[in-house]
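Structure data (PDB, N, CA and C atoms) from entry_0.pdb:
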```pdb
ATOM      1  N   MET A   1       6.778  80.193  25.763
ATOM      2  CA  MET A   1       6.516  78.850  25.286
ATOM      3  C   MET A   1       7.854  78.159  25.004
ATOM      4  N   VAL A   2       7.959  76.911  25.404
ATOM      5  CA  VAL A   2       9.176  76.125  25.199
ATOM      6  C   VAL A   2       9.066  75.400  23.860
ATOM      7  N   MET A   3      10.071  75.589  23.016
ATOM      8  CA  MET A   3      10.098  74.920  21.719
ATOM      9  C   MET A   3      10.524  73.464  21.914
ATOM     10  N   PRO A   4       9.895  72.533  21.196
ATOM     11  CA  PRO A   4      10.180  71.106  21.405
ATOM     12  C   PRO A   4      11.644  70.714  21.244
ATOM     13  N   LEU A   5      12.324  71.236  20.219
ATOM     14  CA  LEU A   5      13.724  70.852  20.020
ATOM     15  C   LEU A   5      14.610  71.390  21.138
ATOM     16  N   ASN A   6      14.283  72.570  21.672
ATOM     17  CA  ASN A   6      15.033  73.100  22.814
ATOM     18  C   ASN A   6      14.836  72.219  24.042
ATOM     19  N   LEU A   7      13.607  71.767  24.255
ATOM     20  CA  LEU A   7      13.321  70.870  25.384
ATOM     21  C   LEU A   7      14.080  69.560  25.228
ATOM     22  N   LEU A   8      14.108  69.020  24.022
ATOM     23  CA  LEU A   8      14.839  67.776  23.788
ATOM     24  C   LEU A   8      16.329  67.958  24.039
ATOM     25  N   GLU A   9      16.872  69.082  23.603
ATOM     26  CA  GLU A   9      18.302  69.336  23.812
ATOM     27  C   GLU A   9      18.637  69.404  25.301
ATOM     28  N   LYS A  10      17.784  70.050  26.080
ATOM     29  CA  LYS A  10      18.004  70.153  27.530
ATOM     30  C   LYS A  10      17.757  68.826  28.240
ATOM     31  N   SER A  11      16.990  67.928  27.599
ATOM     32  CA  SER A  11      16.628  66.656  28.225
ATOM     33  C   SER A  11      17.552  65.503  27.850
ATOM     34  N   MET A  12      18.598  65.768  27.074
ATOM     35  CA  MET A  12      19.522  64.700  26.683
ATOM     36  C   MET A  12      20.088  64.005  27.919
ATOM     37  N   ASP A  13      20.119  62.679  27.881
ATOM     38  CA  ASP A  13      20.620  61.828  28.968
ATOM     39  C   ASP A  13      19.795  61.959  30.243
ATOM     40  N   ARG A  14      18.585  62.430  30.137
ATOM     41  CA  ARG A  14      17.657  62.511  31.271
ATOM     42  C   ARG A  14      16.398  61.747  30.922
ATOM     43  N   ARG A  15      15.603  61.441  31.942
ATOM     44  CA  ARG A  15      14.362  60.700  31.720
ATOM     45  C   ARG A  15      13.260  61.640  31.240
ATOM     46  N   VAL A  16      12.503  61.165  30.243
ATOM     47  CA  VAL A  16      11.373  61.911  29.707
ATOM     48  C   VAL A  16      10.159  60.998  29.617
ATOM     49  N   SER A  17       8.994  61.616  29.587
ATOM     50  CA  SER A  17       7.735  60.913  29.394
ATOM     51  C   SER A  17       7.116  61.427  28.110
ATOM     52  N   LEU A  18       6.747  60.511  27.213
ATOM     53  CA  LEU A  18       6.173  60.875  25.916
ATOM     54  C   LEU A  18       4.760  60.317  25.809
ATOM     55  N   LEU A  19       3.802  61.170  25.490
ATOM     56  CA  LEU A  19       2.451  60.732  25.186
ATOM     57  C   LEU A  19       2.371  60.535  23.689
ATOM     58  N   LEU A  20       1.948  59.344  23.260
ATOM     59  CA  LEU A  20       1.860  59.031  21.837
ATOM     60  C   LEU A  20       0.434  59.198  21.337
ATOM     61  N   LYS A  21       0.273  59.299  20.032
ATOM     62  CA  LYS A  21      -1.040  59.498  19.416
ATOM     63  C   LYS A  21      -2.032  58.402  19.784
ATOM     64  N   ASP A  22      -1.559  57.181  19.979
ATOM     65  CA  ASP A  22      -2.460  56.064  20.271
ATOM     66  C   ASP A  22      -2.779  55.930  21.762
ATOM     67  N   GLY A  23      -2.331  56.891  22.588
ATOM     68  CA  GLY A  23      -2.674  56.891  24.006
ATOM     69  C   GLY A  23      -1.651  56.245  24.914
ATOM     70  N   ARG A  24      -0.654  55.588  24.340
ATOM     71  CA  ARG A  24       0.387  54.985  25.175
ATOM     72  C   ARG A  24       1.316  56.058  25.712
ATOM     73  N   ILE A  25       1.951  55.749  26.827
ATOM     74  CA  ILE A  25       2.952  56.635  27.412
ATOM     75  C   ILE A  25       4.261  55.866  27.470
ATOM     76  N   LEU A  26       5.323  56.466  26.921
ATOM     77  CA  LEU A  26       6.654  55.871  26.990
ATOM     78  C   LEU A  26       7.502  56.712  27.926
ATOM     79  N   GLU A  27       8.200  56.047  28.825
ATOM     80  CA  GLU A  27       9.123  56.722  29.734
ATOM     81  C   GLU A  27      10.486  56.095  29.571
ATOM     82  N   GLY A  28      11.493  56.934  29.365
ATOM     83  CA  GLY A  28      12.842  56.420  29.203
ATOM     84  C   GLY A  28      13.856  57.539  29.170
ATOM     85  N   LYS A  29      15.125  57.150  29.086
ATOM     86  CA  LYS A  29      16.221  58.110  29.040
ATOM     87  C   LYS A  29      16.456  58.501  27.587
ATOM     88  N   LEU A  30      16.413  59.808  27.307
ATOM     89  CA  LEU A  30      16.609  60.312  25.948
ATOM     90  C   LEU A  30      18.077  60.184  25.560
ATOM     91  N   ALA A  31      18.347  59.322  24.575
ATOM     92  CA  ALA A  31      19.720  59.074  24.143
ATOM     93  C   ALA A  31      20.083  59.856  22.886
ATOM     94  N   GLY A  32      19.077  60.288  22.120
ATOM     95  CA  GLY A  32      19.359  61.036  20.909
ATOM     96  C   GLY A  32      18.092  61.475  20.215
ATOM     97  N   PHE A  33      18.224  62.453  19.314
ATOM     98  CA  PHE A  33      17.101  62.940  18.527
ATOM     99  C   PHE A  33      17.639  63.653  17.291
ATOM    100  N   ASP A  34      16.741  63.917  16.334
ATOM    101  CA  ASP A  34      17.134  64.679  15.159
ATOM    102  C   ASP A  34      16.163  65.835  14.936
ATOM    103  N   GLU A  35      16.346  66.570  13.826
ATOM    104  CA  GLU A  35      15.536  67.760  13.576
ATOM    105  C   GLU A  35      14.064  67.445  13.310
ATOM    106  N   TYR A  36      13.737  66.185  13.026
ATOM    107  CA  TYR A  36      12.351  65.773  12.807
ATOM    108  C   TYR A  36      11.709  65.242  14.089
ATOM    109  N   MET A  37      12.427  65.358  15.189
ATOM    110  CA  MET A  37      11.996  64.885  16.508
ATOM    111  C   MET A  37      11.908  63.359  16.580
ATOM    112  N   ASN A  38      12.590  62.656  15.661
ATOM    113  CA  ASN A  38      12.759  61.220  15.829
ATOM    114  C   ASN A  38      13.662  61.052  17.042
ATOM    115  N   MET A  39      13.367  60.082  17.896
ATOM    116  CA  MET A  39      14.102  59.957  19.145
ATOM    117  C   MET A  39      14.571  58.541  19.401
ATOM    118  N   VAL A  40      15.633  58.437  20.190
ATOM    119  CA  VAL A  40      16.108  57.163  20.702
ATOM    120  C   VAL A  40      15.980  57.238  22.220
ATOM    121  N   LEU A  41      15.221  56.303  22.785
ATOM    122  CA  LEU A  41      15.052  56.213  24.234
ATOM    123  C   LEU A  41      15.692  54.928  24.723
ATOM    124  N   GLU A  42      16.399  55.005  25.839
ATOM    125  CA  GLU A  42      16.986  53.822  26.474
ATOM    126  C   GLU A  42      16.241  53.539  27.764
ATOM    127  N   GLU A  43      16.307  52.283  28.214
ATOM    128  CA  GLU A  43      15.665  51.862  29.461
ATOM    129  C   GLU A  43      14.183  52.268  29.449
ATOM    130  N   THR A  44      13.517  51.997  28.332
ATOM    131  CA  THR A  44      12.159  52.465  28.100
ATOM    132  C   THR A  44      11.117  51.529  28.700
ATOM    133  N   ALA A  45      10.076  52.141  29.280
ATOM    134  CA  ALA A  45       8.904  51.411  29.774
ATOM    135  C   ALA A  45       7.680  51.986  29.082
ATOM    136  N   GLU A  46       6.759  51.096  28.680
ATOM    137  CA  GLU A  46       5.523  51.499  28.024
ATOM    138  C   GLU A  46       4.372  51.348  29.008
ATOM    139  N   HIS A  47       3.560  52.383  29.122
ATOM    140  CA  HIS A  47       2.383  52.344  29.991
ATOM    141  C   HIS A  47       1.149  52.511  29.108
ATOM    142  N   THR A  48       0.133  51.666  29.327
ATOM    143  CA  THR A  48      -1.089  51.744  28.541
ATOM    144  C   THR A  48      -2.225  52.267  29.408
ATOM    145  N   ILE A  49      -3.368  52.490  28.779
ATOM    146  CA  ILE A  49      -4.543  52.997  29.483
ATOM    147  C   ILE A  49      -4.970  52.050  30.597
ATOM    148  N   THR A  50      -4.757  50.758  30.427
ATOM    149  CA  THR A  50      -5.167  49.765  31.421
ATOM    150  C   THR A  50      -4.148  49.617  32.550
ATOM    151  N   ALA A  51      -3.195  50.543  32.628
ATOM    152  CA  ALA A  51      -2.172  50.583  33.688
ATOM    153  C   ALA A  51      -1.178  49.422  33.618
ATOM    154  N   GLU A  52      -1.095  48.770  32.468
ATOM    155  CA  GLU A  52      -0.090  47.730  32.286
ATOM    156  C   GLU A  52       1.249  48.380  31.969
ATOM    157  N   GLU A  53       2.337  47.716  32.370
ATOM    158  CA  GLU A  53       3.663  48.233  32.066
ATOM    159  C   GLU A  53       4.475  47.149  31.378
ATOM    160  N   ARG A  54       5.162  47.543  30.309
ATOM    161  CA  ARG A  54       6.056  46.639  29.594
ATOM    162  C   ARG A  54       7.415  47.284  29.499
ATOM    163  N   ARG A  55       8.455  46.518  29.762
ATOM    164  CA  ARG A  55       9.832  46.994  29.598
ATOM    165  C   ARG A  55      10.239  46.753  28.156
ATOM    166  N   LEU A  56      10.698  47.803  27.475
ATOM    167  CA  LEU A  56      11.035  47.700  26.056
ATOM    168  C   LEU A  56      12.522  47.807  25.771
ATOM    169  N   GLY A  57      13.288  48.371  26.689
ATOM    170  CA  GLY A  57      14.713  48.559  26.446
ATOM    171  C   GLY A  57      14.966  49.769  25.574
ATOM    172  N   THR A  58      15.771  49.623  24.520
ATOM    173  CA  THR A  58      16.089  50.735  23.626
ATOM    174  C   THR A  58      15.040  50.810  22.517
ATOM    175  N   VAL A  59      14.524  52.032  22.292
ATOM    176  CA  VAL A  59      13.445  52.246  21.331
ATOM    177  C   VAL A  59      13.827  53.387  20.394
ATOM    178  N   VAL A  60      13.588  53.199  19.102
ATOM    179  CA  VAL A  60      13.705  54.277  18.122
ATOM    180  C   VAL A  60      12.276  54.688  17.782
ATOM    181  N   LEU A  61      11.970  55.964  18.002
ATOM    182  CA  LEU A  61      10.591  56.448  17.898
ATOM    183  C   LEU A  61      10.499  57.530  16.831
ATOM    184  N   ARG A  62       9.539  57.394  15.954
ATOM    185  CA  ARG A  62       9.326  58.409  14.920
ATOM    186  C   ARG A  62       8.634  59.619  15.535
ATOM    187  N   GLY A  63       9.120  60.811  15.217
ATOM    188  CA  GLY A  63       8.656  62.036  15.842
ATOM    189  C   GLY A  63       7.201  62.377  15.607
ATOM    190  N   ASN A  64       6.621  61.966  14.471
ATOM    191  CA  ASN A  64       5.239  62.341  14.197
ATOM    192  C   ASN A  64       4.224  61.549  15.025
ATOM    193  N   ASN A  65       4.682  60.603  15.840
ATOM    194  CA  ASN A  65       3.784  59.864  16.729
ATOM    195  C   ASN A  65       3.652  60.509  18.101
ATOM    196  N   VAL A  66       4.436  61.545  18.370
ATOM    197  CA  VAL A  66       4.492  62.155  19.699
ATOM    198  C   VAL A  66       3.505  63.311  19.809
ATOM    199  N   VAL A  67       2.681  63.276  20.871
ATOM    200  CA  VAL A  67       1.726  64.354  21.143
ATOM    201  C   VAL A  67       2.350  65.355  22.115
ATOM    202  N   SER A  68       2.994  64.842  23.172
ATOM    203  CA  SER A  68       3.623  65.741  24.148
ATOM    204  C   SER A  68       4.869  65.105  24.765
ATOM    205  N   ILE A  69       5.751  65.982  25.243
ATOM    206  CA  ILE A  69       7.011  65.584  25.869
ATOM    207  C   ILE A  69       7.081  66.250  27.229
ATOM    208  N   ALA A  70       7.441  65.466  28.251
ATOM    209  CA  ALA A  70       7.590  66.045  29.598
ATOM    210  C   ALA A  70       8.813  65.452  30.268
ATOM    211  N   PRO A  71       9.653  66.303  30.846
ATOM    212  CA  PRO A  71      10.784  65.768  31.639
ATOM    213  C   PRO A  71      10.256  65.133  32.914
ATOM    214  N   ILE A  72      10.945  64.104  33.378
ATOM    215  CA  ILE A  72      10.527  63.432  34.628
ATOM    216  C   ILE A  72      11.468  63.861  35.731
TER     217      ILE A  72
END
```
Encoding of this model in structure tokens:
Amino acid sequence: MVMPLNLLEKSMDRRVSLLLKDGRILEGKLAGFDEYMNMVLEETAEHTITAEERRLGTVVLRGNNVVSIAPI
């Protein structure tokens, strides 16, 4: 099993896809994180259930909103 913080460390400066508790998917380049899995994503795009896409730019995300993390 891959531990989340290890995955984040290996994914620094790479694109990741995050599934959030509310069903949205954020895709962006991981610019930073801390021990609570709070993250900074750059060049972020938000995808919703209705297949809409919004460009968000740089996002600071609280770790407790994340359900899953996947490298792209």
Report task. Could you list the residues chosen by the PyMOL selection byres ((chain A and resi 59-69) around 7) in this structure as a PyMOL selection string? Result -> chain A and resi 16-22+36-44+56-58+70-71
For the selection you just gave me, I'd like the residues written to a file as a compact mmCIF listing (two decimals), in the coordinates of the input, keeping N, CA and C atoms.
```txt
# COMPACT_ATOMS: atom_id res chain seq x y z
N VAL A 16 12.50 61.16 30.24
CA VAL A 16 11.37 61.91 29.71
C VAL A 16 10.16 61.00 29.62
N SER A 17 8.99 61.62 29.59
CA SER A 17 7.74 60.91 29.39
C SER A 17 7.12 61.43 28.11
N LEU A 18 6.75 60.51 27.21
CA LEU A 18 6.17 60.88 25.92
C LEU A 18 4.76 60.32 25.81
N LEU A 19 3.80 61.17 25.49
CA LEU A 19 2.45 60.73 25.19
C LEU A 19 2.37 60.54 23.69
N LEU A 20 1.95 59.34 23.26
CA LEU A 20 1.86 59.03 21.84
C LEU A 20 0.43 59.20 21.34
N LYS A 21 0.27 59.30 20.03
CA LYS A 21 -1.04 59.50 19.42
C LYS A 21 -2.03 58.40 19.78
N ASP A 22 -1.56 57.18 19.98
CA ASP A 22 -2.46 56.06 20.27
C ASP A 22 -2.78 55.93 21.76
N TYR A 36 13.74 66.18 13.03
CA TYR A 36 12.35 65.77 12.81
C TYR A 36 11.71 65.24 14.09
N MET A 37 12.43 65.36 15.19
CA MET A 37 12.00 64.89 16.51
C MET A 37 11.91 63.36 16.58
N ASN A 38 12.59 62.66 15.66
CA ASN A 38 12.76 61.22 15.83
C ASN A 38 13.66 61.05 17.04
N MET A 39 13.37 60.08 17.90
CA MET A 39 14.10 59.96 19.14
C MET A 39 14.57 58.54 19.40
N VAL A 40 15.63 58.44 20.19
CA VAL A 40 16.11 57.16 20.70
C VAL A 40 15.98 57.24 22.22
N LEU A 41 15.22 56.30 22.78
CA LEU A 41 15.05 56.21 24.23
C LEU A 41 15.69 54.93 24.72
N GLU A 42 16.40 55.00 25.84
CA GLU A 42 16.99 53.82 26.47
C GLU A 42 16.24 53.54 27.76
N GLU A 43 16.31 52.28 28.21
CA GLU A 43 15.66 51.86 29.46
C GLU A 43 14.18 52.27 29.45
N THR A 44 13.52 52.00 28.33
CA THR A 44 12.16 52.46 28.10
C THR A 44 11.12 51.53 28.70
N LEU A 56 10.70 47.80 27.48
CA LEU A 56 11.04 47.70 26.06
C LEU A 56 12.52 47.81 25.77
N GLY A 57 13.29 48.37 26.69
CA GLY A 57 14.71 48.56 26.45
C GLY A 57 14.97 49.77 25.57
N THR A 58 15.77 49.62 24.52
CA THR A 58 16.09 50.74 23.63
C THR A 58 15.04 50.81 22.52
N ALA A 70 7.44 65.47 28.25
CA ALA A 70 7.59 66.04 29.60
C ALA A 70 8.81 65.45 30.27
N PRO A 71 9.65 66.30 30.85
CA PRO A 71 10.78 65.77 31.64
C PRO A 71 10.26 65.13 32.91
```
Around all listed atoms of stretch 36-48 of chain A, padded 5 Å per side, what centre and edge lengths does the axis-aligned box have in Å to one decimal, as JSON?
```
{"center_x": 7.4, "center_y": 58.6, "center_z": 21.4, "size_x": 29.2, "size_y": 25.1, "size_z": 27.2}
```
Chain A: residues DSSP assigns to strand (DSSP E), reported as a PDB file with N, CA and C atoms, keeping the file's coordinate frame:
```pdb
ATOM      1  N   ARG A  15      15.603  61.441  31.942  1.00  0.00           N
ATOM      2  CA  ARG A  15      14.362  60.700  31.720  1.00  0.00           C
ATOM      3  C   ARG A  15      13.260  61.640  31.240  1.00  0.00           C
ATOM      4  N   VAL A  16      12.503  61.165  30.243  1.00  0.00           N
ATOM      5  CA  VAL A  16      11.373  61.911  29.707  1.00  0.00           C
ATOM      6  C   VAL A  16      10.159  60.998  29.617  1.00  0.00           C
ATOM      7  N   SER A  17       8.994  61.616  29.587  1.00  0.00           N
ATOM      8  CA  SER A  17       7.735  60.913  29.394  1.00  0.00           C
ATOM      9  C   SER A  17       7.116  61.427  28.110  1.00  0.00           C
ATOM     10  N   LEU A  18       6.747  60.511  27.213  1.00  0.00           N
ATOM     11  CA  LEU A  18       6.173  60.875  25.916  1.00  0.00           C
ATOM     12  C   LEU A  18       4.760  60.317  25.809  1.00  0.00           C
ATOM     13  N   LEU A  19       3.802  61.170  25.490  1.00  0.00           N
ATOM     14  CA  LEU A  19       2.451  60.732  25.186  1.00  0.00           C
ATOM     15  C   LEU A  19       2.371  60.535  23.689  1.00  0.00           C
ATOM     16  N   LEU A  20       1.948  59.344  23.260  1.00  0.00           N
ATOM     17  CA  LEU A  20       1.860  59.031  21.837  1.00  0.00           C
ATOM     18  C   LEU A  20       0.434  59.198  21.337  1.00  0.00           C
ATOM     19  N   ILE A  25       1.951  55.749  26.827  1.00  0.00           N
ATOM     20  CA  ILE A  25       2.952  56.635  27.412  1.00  0.00           C
ATOM     21  C   ILE A  25       4.261  55.866  27.470  1.00  0.00           C
ATOM     22  N   LEU A  26       5.323  56.466  26.921  1.00  0.00           N
ATOM     23  CA  LEU A  26       6.654  55.871  26.990  1.00  0.00           C
ATOM     24  C   LEU A  26       7.502  56.712  27.926  1.00  0.00           C
ATOM     25  N   GLU A  27       8.200  56.047  28.825  1.00  0.00           N
ATOM     26  CA  GLU A  27       9.123  56.722  29.734  1.00  0.00           C
ATOM     27  C   GLU A  27      10.486  56.095  29.571  1.00  0.00           C
ATOM     28  N   GLY A  28      11.493  56.934  29.365  1.00  0.00           N
ATOM     29  CA  GLY A  28      12.842  56.420  29.203  1.00  0.00           C
ATOM     30  C   GLY A  28      13.856  57.539  29.170  1.00  0.00           C
ATOM     31  N   LYS A  29      15.125  57.150  29.086  1.00  0.00           N
ATOM     32  CA  LYS A  29      16.221  58.110  29.040  1.00  0.00           C
ATOM     33  C   LYS A  29      16.456  58.501  27.587  1.00  0.00           C
ATOM     34  N   LEU A  30      16.413  59.808  27.307  1.00  0.00           N
ATOM     35  CA  LEU A  30      16.609  60.312  25.948  1.00  0.00           C
ATOM     36  C   LEU A  30      18.077  60.184  25.560  1.00  0.00           C
ATOM     37  N   ALA A  31      18.347  59.322  24.575  1.00  0.00           N
ATOM     38  CA  ALA A  31      19.720  59.074  24.143  1.00  0.00           C
ATOM     39  C   ALA A  31      20.083  59.856  22.886  1.00  0.00           C
ATOM     40  N   GLY A  32      19.077  60.288  22.120  1.00  0.00           N
ATOM     41  CA  GLY A  32      19.359  61.036  20.909  1.00  0.00           C
ATOM     42  C   GLY A  32      18.092  61.475  20.215  1.00  0.00           C
ATOM     43  N   PHE A  33      18.224  62.453  19.314  1.00  0.00           N
ATOM     44  CA  PHE A  33      17.101  62.940  18.527  1.00  0.00           C
ATOM     45  C   PHE A  33      17.639  63.653  17.291  1.00  0.00           C
ATOM     46  N   MET A  39      13.367  60.082  17.896  1.00  0.00           N
ATOM     47  CA  MET A  39      14.102  59.957  19.145  1.00  0.00           C
ATOM     48  C   MET A  39      14.571  58.541  19.401  1.00  0.00           C
ATOM     49  N   VAL A  40      15.633  58.437  20.190  1.00  0.00           N
ATOM     50  CA  VAL A  40      16.108  57.163  20.702  1.00  0.00           C
ATOM     51  C   VAL A  40      15.980  57.238  22.220  1.00  0.00           C
ATOM     52  N   LEU A  41      15.221  56.303  22.785  1.00  0.00           N
ATOM     53  CA  LEU A  41      15.052  56.213  24.234  1.00  0.00           C
ATOM     54  C   LEU A  41      15.692  54.928  24.723  1.00  0.00           C
ATOM     55  N   GLU A  42      16.399  55.005  25.839  1.00  0.00           N
ATOM     56  CA  GLU A  42      16.986  53.822  26.474  1.00  0.00           C
ATOM     57  C   GLU A  42      16.241  53.539  27.764  1.00  0.00           C
ATOM     58  N   GLU A  43      16.307  52.283  28.214  1.00  0.00           N
ATOM     59  CA  GLU A  43      15.665  51.862  29.461  1.00  0.00           C
ATOM     60  C   GLU A  43      14.183  52.268  29.449  1.00  0.00           C
ATOM     61  N   THR A  44      13.517  51.997  28.332  1.00  0.00           N
ATOM     62  CA  THR A  44      12.159  52.465  28.100  1.00  0.00           C
ATOM     63  C   THR A  44      11.117  51.529  28.700  1.00  0.00           C
ATOM     64  N   ALA A  45      10.076  52.141  29.280  1.00  0.00           N
ATOM     65  CA  ALA A  45       8.904  51.411  29.774  1.00  0.00           C
ATOM     66  C   ALA A  45       7.680  51.986  29.082  1.00  0.00           C
ATOM     67  N   GLU A  46       6.759  51.096  28.680  1.00  0.00           N
ATOM     68  CA  GLU A  46       5.523  51.499  28.024  1.00  0.00           C
ATOM     69  C   GLU A  46       4.372  51.348  29.008  1.00  0.00           C
ATOM     70  N   HIS A  47       3.560  52.383  29.122  1.00  0.00           N
ATOM     71  CA  HIS A  47       2.383  52.344  29.991  1.00  0.00           C
ATOM     72  C   HIS A  47       1.149  52.511  29.108  1.00  0.00           C
ATOM     73  N   GLU A  53       2.337  47.716  32.370  1.00  0.00           N
ATOM     74  CA  GLU A  53       3.663  48.233  32.066  1.00  0.00           C
ATOM     75  C   GLU A  53       4.475  47.149  31.378  1.00  0.00           C
ATOM     76  N   ARG A  54       5.162  47.543  30.309  1.00  0.00           N
ATOM     77  CA  ARG A  54       6.056  46.639  29.594  1.00  0.00           C
ATOM     78  C   ARG A  54       7.415  47.284  29.499  1.00  0.00           C
ATOM     79  N   ARG A  55       8.455  46.518  29.762  1.00  0.00           N
ATOM     80  CA  ARG A  55       9.832  46.994  29.598  1.00  0.00           C
ATOM     81  C   ARG A  55      10.239  46.753  28.156  1.00  0.00           C
ATOM     82  N   LEU A  56      10.698  47.803  27.475  1.00  0.00           N
ATOM     83  CA  LEU A  56      11.035  47.700  26.056  1.00  0.00           C
ATOM     84  C   LEU A  56      12.522  47.807  25.771  1.00  0.00           C
ATOM     85  N   GLY A  57      13.288  48.371  26.689  1.00  0.00           N
ATOM     86  CA  GLY A  57      14.713  48.559  26.446  1.00  0.00           C
ATOM     87  C   GLY A  57      14.966  49.769  25.574  1.00  0.00           C
ATOM     88  N   THR A  58      15.771  49.623  24.520  1.00  0.00           N
ATOM     89  CA  THR A  58      16.089  50.735  23.626  1.00  0.00           C
ATOM     90  C   THR A  58      15.040  50.810  22.517  1.00  0.00           C
ATOM     91  N   VAL A  59      14.524  52.032  22.292  1.00  0.00           N
ATOM     92  CA  VAL A  59      13.445  52.246  21.331  1.00  0.00           C
ATOM     93  C   VAL A  59      13.827  53.387  20.394  1.00  0.00           C
ATOM     94  N   VAL A  60      13.588  53.199  19.102  1.00  0.00           N
ATOM     95  CA  VAL A  60      13.705  54.277  18.122  1.00  0.00           C
ATOM     96  C   VAL A  60      12.276  54.688  17.782  1.00  0.00           C
ATOM     97  N   LEU A  61      11.970  55.964  18.002  1.00  0.00           N
ATOM     98  CA  LEU A  61      10.591  56.448  17.898  1.00  0.00           C
ATOM     99  C   LEU A  61      10.499  57.530  16.831  1.00  0.00           C
ATOM    100  N   VAL A  66       4.436  61.545  18.370  1.00  0.00           N
ATOM    101  CA  VAL A  66       4.492  62.155  19.699  1.00  0.00           C
ATOM    102  C   VAL A  66       3.505  63.311  19.809  1.00  0.00           C
ATOM    103  N   VAL A  67       2.681  63.276  20.871  1.00  0.00           N
ATOM    104  CA  VAL A  67       1.726  64.354  21.143  1.00  0.00           C
ATOM    105  C   VAL A  67       2.350  65.355  22.115  1.00  0.00           C
ATOM    106  N   SER A  68       2.994  64.842  23.172  1.00  0.00           N
ATOM    107  CA  SER A  68       3.623  65.741  24.148  1.00  0.00           C
ATOM    108  C   SER A  68       4.869  65.105  24.765  1.00  0.00           C
ATOM    109  N   ILE A  69       5.751  65.982  25.243  1.00  0.00           N
ATOM    110  CA  ILE A  69       7.011  65.584  25.869  1.00  0.00           C
ATOM    111  C   ILE A  69       7.081  66.250  27.229  1.00  0.00           C
ATOM    112  N   ALA A  70       7.441  65.466  28.251  1.00  0.00           N
ATOM    113  CA  ALA A  70       7.590  66.045  29.598  1.00  0.00           C
ATOM    114  C   ALA A  70       8.813  65.452  30.268  1.00  0.00           C
ATOM    115  N   PRO A  71       9.653  66.303  30.846  1.00  0.00           N
ATOM    116  CA  PRO A  71      10.784  65.768  31.639  1.00  0.00           C
ATOM    117  C   PRO A  71      10.256  65.133  32.914  1.00  0.00           C
TER     118      PRO A  71
END
```
**Report entry** Separation of atom N of A:Glu27 from atom C of A:Lys10, in Å and rounded to one decimal
**Finding:** 16.0 Å
Query raised in the report: the PyMOL selection byres (((chain A and resi 13-15 and name CA) around 7) and name CA) on the file shown: which residues, as a list in words?
Result: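 On this input, the PyMOL selection byres (((chain A and resi 13-15 and name CA) around 7) and name CA) captures Ser11, Met12, Val16, Glu27, Gly28, Lys29, Leu30, Ala31, Pro71 and Ile72 of chain A.
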Query raised in the report: Interatomic distance between atom CA of A:Gly23 and atom CA of A:Arg55?
Result: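 It comes out at 16.9 Å.
Here atom CA of A:Glu52 is placed at a distance of 11.8 Å from atom CA of A:Leu26.
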